[in-house]
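A.B. asks: Input: one structure, supplied below.
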Amino acid sequence: MSSPENMRAAVADYITALHRAYLAQADTFAPAVRGAMPLLTGGPPLTVAAVGVRNLHLLATREGLGPLRGQEVEVAGSLDGLAWALRFYDPVVVPSLGTLDENDGPAYDGVKAALGIGTVVYHVVAQPGSGLTPHHAGHVGSGLASGHSSAARDFETIRSRVRGREHLVDELAGAATAGLPHAQALLARAISPHNPGVAAAADGLDPDAIRKALLASVGGRSEWRPTP
């Protein structure tokens with residue numbers, strides 16, 4: 001069985017590989033798109049919480065988790081243009097994690113509540129062993145960057161077509177970055193109050209569906225072209 005030290009080292013390598021793939025993918029986008037991607041916008045320090053329950057949760061947040069206490073462990077990491085602190089939690093460190101039931105799937109909301117985290121930049125689940133390799137992390141990081149860049153372009157298009165409501169789109173983009181689906185639903189309704197597609201997506205509280213419905217309500221992204 002792997003020792004705690006070996007497991008922490010494997011998780012640290014996984015996060016580094018994930019972030020390296022994210023940055024490599026981001027380098028293929030235009031500067032303004034890169035600047036709008038949640039991991040690259042700057043702001044408060046980035047902390048990644050590695051939470052071991054039945055599943056291994058990896059949550060990146062810009063909320064402060066306070067100084068280390070008790071048996072908490074932190075490992076610093078950095079790449080060109082991105083720095084983070086990796087914290088490790090399990091039911092010994094945070095007892096309320098031991099009450100989570102993951103028999104039917106990862107308890108995403110329960111893990112966030114146990115840590116007191118309200119907003120995340122990303123939240124992924126990895127499996128020790130074959131699922132915790134740099135190769136797997138590379139796929140996750142590239143996919144995450146593609147999703148973040150697509151969202152950035154969508155919000156910029158929406159913003160350019162809703163004159164007088166740009167501030168609402170800015171708030172919507174912030175809510176999307178922070179992982180606040182209820183706020184996204186309310187803001188989408190305020191931006192496009194009479195569109196049935198937006199209303200249906202807002203009722204479903206799916207962030208991607210909300211953004212895509214709002215984009216469709218203003219004519220889609222047909223004018224966008226990738227940078228050569």
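We name chains A, B, ... following the order of the structure tokens; residues begin at 1 in each chain, and ligands are numbered from 1 as shown.
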Give me the residues of range 149-228 of chain A that have any atom at most 12 Å from an atom of range 59-70 of chain A; for each, the nearest atom pair and the distance in Å, rounded to one decimal. Use only C-alpha atoms, sort by chain and number, and format it as a tab-separated table.

C.D. replies:
residue	atom	partner	partner_atom	distance
A:Thr177	CA	A:Thr61	CA	10.0
A:Ala178	CA	A:Thr61	CA	8.3
A:Gly179	CA	A:Thr61	CA	10.0

A.B. asks: Please provide as a list of chain:residue names all residues within 7 Å of range 163-169 of chain A, with the sequence filter that same-chain residues fewer than 5 positions apart are discarded (counting only C-alpha atoms).

C.D. replies: A:Phe155, A:Leu187, A:Ile191

A.B. asks: Name the residues in contact with Val111 in chain A at a cut-off of 12 Å, using only C-alpha atoms, excluding same-chain residues fewer than 4 positions from it; report them as an mmCIF file with C-alpha atoms, in the first residue's frame.

C.D. replies:
data_model
loop_
_atom_site.group_PDB
_atom_site.id
_atom_site.type_symbol
_atom_site.label_atom_id
_atom_site.label_comp_id
_atom_site.auth_asym_id
_atom_site.auth_seq_id
_atom_site.Cartn_x
_atom_site.Cartn_y
_atom_site.Cartn_z
ATOM 1 C CA ALA A 49 -7.621 21.070 -2.032
ATOM 2 C CA ALA A 50 -7.005 17.338 -2.416
ATOM 3 C CA VAL A 51 -9.803 15.659 -0.487
ATOM 4 C CA GLY A 52 -9.695 11.942 0.133
ATOM 5 C CA VAL A 53 -13.049 10.325 0.854
ATOM 6 C CA ARG A 54 -14.248 7.313 -1.134
ATOM 7 C CA ASN A 55 -13.261 9.327 -4.209
ATOM 8 C CA LEU A 56 -10.330 11.719 -4.524
ATOM 9 C CA HIS A 57 -11.635 15.241 -5.092
ATOM 10 C CA LEU A 58 -9.389 17.994 -6.449
ATOM 11 C CA LEU A 59 -10.848 21.472 -5.967
ATOM 12 C CA TYR A 89 -7.747 16.751 3.638
ATOM 13 C CA ASP A 90 -9.360 13.536 4.796
ATOM 14 C CA PRO A 91 -11.806 12.558 7.564
ATOM 15 C CA VAL A 94 -11.923 17.313 8.652
ATOM 16 C CA PRO A 95 -14.200 14.883 10.550
ATOM 17 C CA SER A 96 -17.362 15.930 8.679
ATOM 18 C CA LEU A 97 -15.893 14.359 5.529
ATOM 19 C CA GLY A 98 -16.418 10.983 7.189
ATOM 20 C CA THR A 99 -20.200 11.438 7.072
ATOM 21 C CA LEU A 100 -20.357 11.756 3.271
ATOM 22 C CA ASP A 101 -21.996 8.933 1.322
ATOM 23 C CA GLU A 102 -20.373 8.328 -2.056
ATOM 24 C CA PRO A 106 -18.974 11.661 -5.926
ATOM 25 C CA ALA A 107 -20.420 14.016 -3.310
ATOM 26 C CA LEU A 115 -14.446 22.522 3.586
ATOM 27 C CA GLY A 116 -16.636 25.630 3.706
ATOM 28 C CA ILE A 117 -15.800 26.447 0.084
ATOM 29 C CA GLY A 118 -18.465 28.344 -1.835
ATOM 30 C CA VAL A 120 -14.334 26.809 -7.225
ATOM 31 C CA HIS A 123 -13.565 20.506 -9.261
ATOM 32 C CA VAL A 124 -12.517 17.166 -10.688
ATOM 33 C CA VAL A 125 -12.471 13.629 -9.328
#

A.B. asks: Let's see if you can do this: from backbone DSSP, list all alpha helix (DSSP H) residues in range 10-213 of chain A, as a PyMOL selection string.

C.D. replies: chain A and resi 10-26+31-35+108-115+134-161+166-178+181-191+196-204+207-213

A.B. asks: Do a neighbour search on Glu5 in chain A at 12 Å with only C-alpha atoms, toss out local chain neighbours closer than 3 positions, and write the hits as a PyMOL selection string.

C.D. replies: chain A and resi 1-2+8-12+73-75+88

A.B. asks: Using only C-alpha atoms, which residues sit within 8 Å of Asp154 in chain A once same-chain residues fewer than 4 positions away are excluded, as a PDB file with C-alpha atoms, in the first residue's frame?

C.D. replies:
ATOM      1  CA  SER A 150     -14.966  28.591 -25.054  1.00  0.00           C
ATOM      2  CA  ILE A 158     -22.851  38.057 -25.600  1.00  0.00           C
ATOM      3  CA  ARG A 211     -24.462  30.115 -21.413  1.00  0.00           C
ATOM      4  CA  LYS A 212     -25.253  28.389 -24.706  1.00  0.00           C
ATOM      5  CA  LEU A 215     -25.529  32.942 -26.688  1.00  0.00           C
ATOM      6  CA  ARG A 221     -21.053  33.096 -32.239  1.00  0.00           C
TER       7      ARG A 221
END

A.B. asks: Env of Leu23 in chain A: 10 Å cut, atoms = only C-alpha atoms, seq-sep filter 3 positions within chain, self excluded. Answer as a CSV table (one decimal) with N, CA, C and O atoms, in the first residue's frame.

C.D. replies:
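Listing of result.csv after writing:
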chain,number,residue,atom,x,y,z
A,17,ALA,N,0.9,18.3,-13.7
A,17,ALA,CA,0.7,17.9,-15.1
A,17,ALA,C,-0.6,18.5,-15.6
A,17,ALA,O,-0.7,18.9,-16.8
A,18,LEU,N,-1.7,18.6,-14.8
A,18,LEU,CA,-2.9,19.2,-15.2
A,18,LEU,C,-2.7,20.7,-15.5
A,18,LEU,O,-3.2,21.1,-16.6
A,19,HIS,N,-2.0,21.4,-14.6
A,19,HIS,CA,-1.8,22.8,-14.9
A,19,HIS,C,-0.9,23.0,-16.1
A,19,HIS,O,-1.1,24.0,-16.8
A,20,ARG,N,0.1,22.2,-16.3
A,20,ARG,CA,1.0,22.3,-17.4
A,20,ARG,C,0.2,22.1,-18.7
A,20,ARG,O,0.4,22.9,-19.7
A,26,ALA,N,-3.7,26.9,-23.3
A,26,ALA,CA,-4.0,28.4,-23.3
A,26,ALA,C,-3.1,29.1,-24.2
A,26,ALA,O,-3.5,30.2,-24.8
A,27,ASP,N,-1.9,28.7,-24.4
A,27,ASP,CA,-0.9,29.3,-25.3
A,27,ASP,C,-1.4,29.3,-26.8
A,27,ASP,O,-0.8,30.1,-27.6
A,28,THR,N,-2.3,28.5,-27.1
A,28,THR,CA,-2.8,28.4,-28.5
A,28,THR,C,-3.9,29.4,-28.7
A,28,THR,O,-4.4,29.6,-29.9
A,34,ARG,N,-6.9,34.2,-23.4
A,34,ARG,CA,-6.1,33.7,-22.2
A,34,ARG,C,-6.4,34.5,-21.0
A,34,ARG,O,-6.5,33.9,-19.9
A,39,LEU,N,-8.1,30.3,-14.5
A,39,LEU,CA,-6.8,30.1,-13.9
A,39,LEU,C,-5.7,31.1,-14.2
A,39,LEU,O,-4.7,31.2,-13.5
A,40,LEU,N,-6.0,32.0,-15.1
A,40,LEU,CA,-5.0,33.0,-15.6
A,40,LEU,C,-5.4,34.4,-15.4
A,40,LEU,O,-4.7,35.3,-15.8
A,79,LEU,N,4.3,27.0,-12.0
A,79,LEU,CA,4.8,26.9,-13.4
A,79,LEU,C,4.8,28.3,-13.9
A,79,LEU,O,4.4,29.2,-13.2
A,80,ASP,N,5.3,28.5,-15.1
A,80,ASP,CA,5.4,29.9,-15.6
A,80,ASP,C,4.0,30.5,-15.7
A,80,ASP,O,3.2,30.0,-16.5
A,81,GLY,N,3.8,31.5,-14.9
A,81,GLY,CA,2.5,32.2,-15.0
A,81,GLY,C,1.5,31.7,-14.1
A,81,GLY,O,0.3,32.2,-14.1
A,82,LEU,N,1.7,30.7,-13.3
A,82,LEU,CA,0.7,30.1,-12.4
A,82,LEU,C,1.4,29.5,-11.2
A,82,LEU,O,2.3,28.7,-11.3
A,141,GLY,N,-6.5,18.6,-18.0
A,141,GLY,CA,-6.1,20.0,-18.1
A,141,GLY,C,-6.4,20.6,-19.5
A,141,GLY,O,-6.9,21.7,-19.5
A,142,SER,N,-6.2,19.8,-20.5
A,142,SER,CA,-6.5,20.3,-21.9
A,142,SER,C,-8.0,20.6,-22.0
A,142,SER,O,-8.4,21.6,-22.6
A,145,ALA,N,-9.1,23.6,-20.1
A,145,ALA,CA,-8.7,24.9,-20.8
A,145,ALA,C,-9.6,25.1,-22.0
A,145,ALA,O,-10.0,26.3,-22.2

A.B. asks: Report as JSON, numbers by chain: the residues of range 31-227 of chain A with a DSSP assignment of strand (DSSP E), based on the backbone of this structure.

C.D. replies: {"A": [46, 47, 48, 49, 50, 51, 52, 56, 57, 58, 59, 60, 61, 73, 74, 75, 76, 77, 78, 79, 82, 83, 84, 85, 86, 87, 88, 89, 122, 123, 124, 125, 126]}
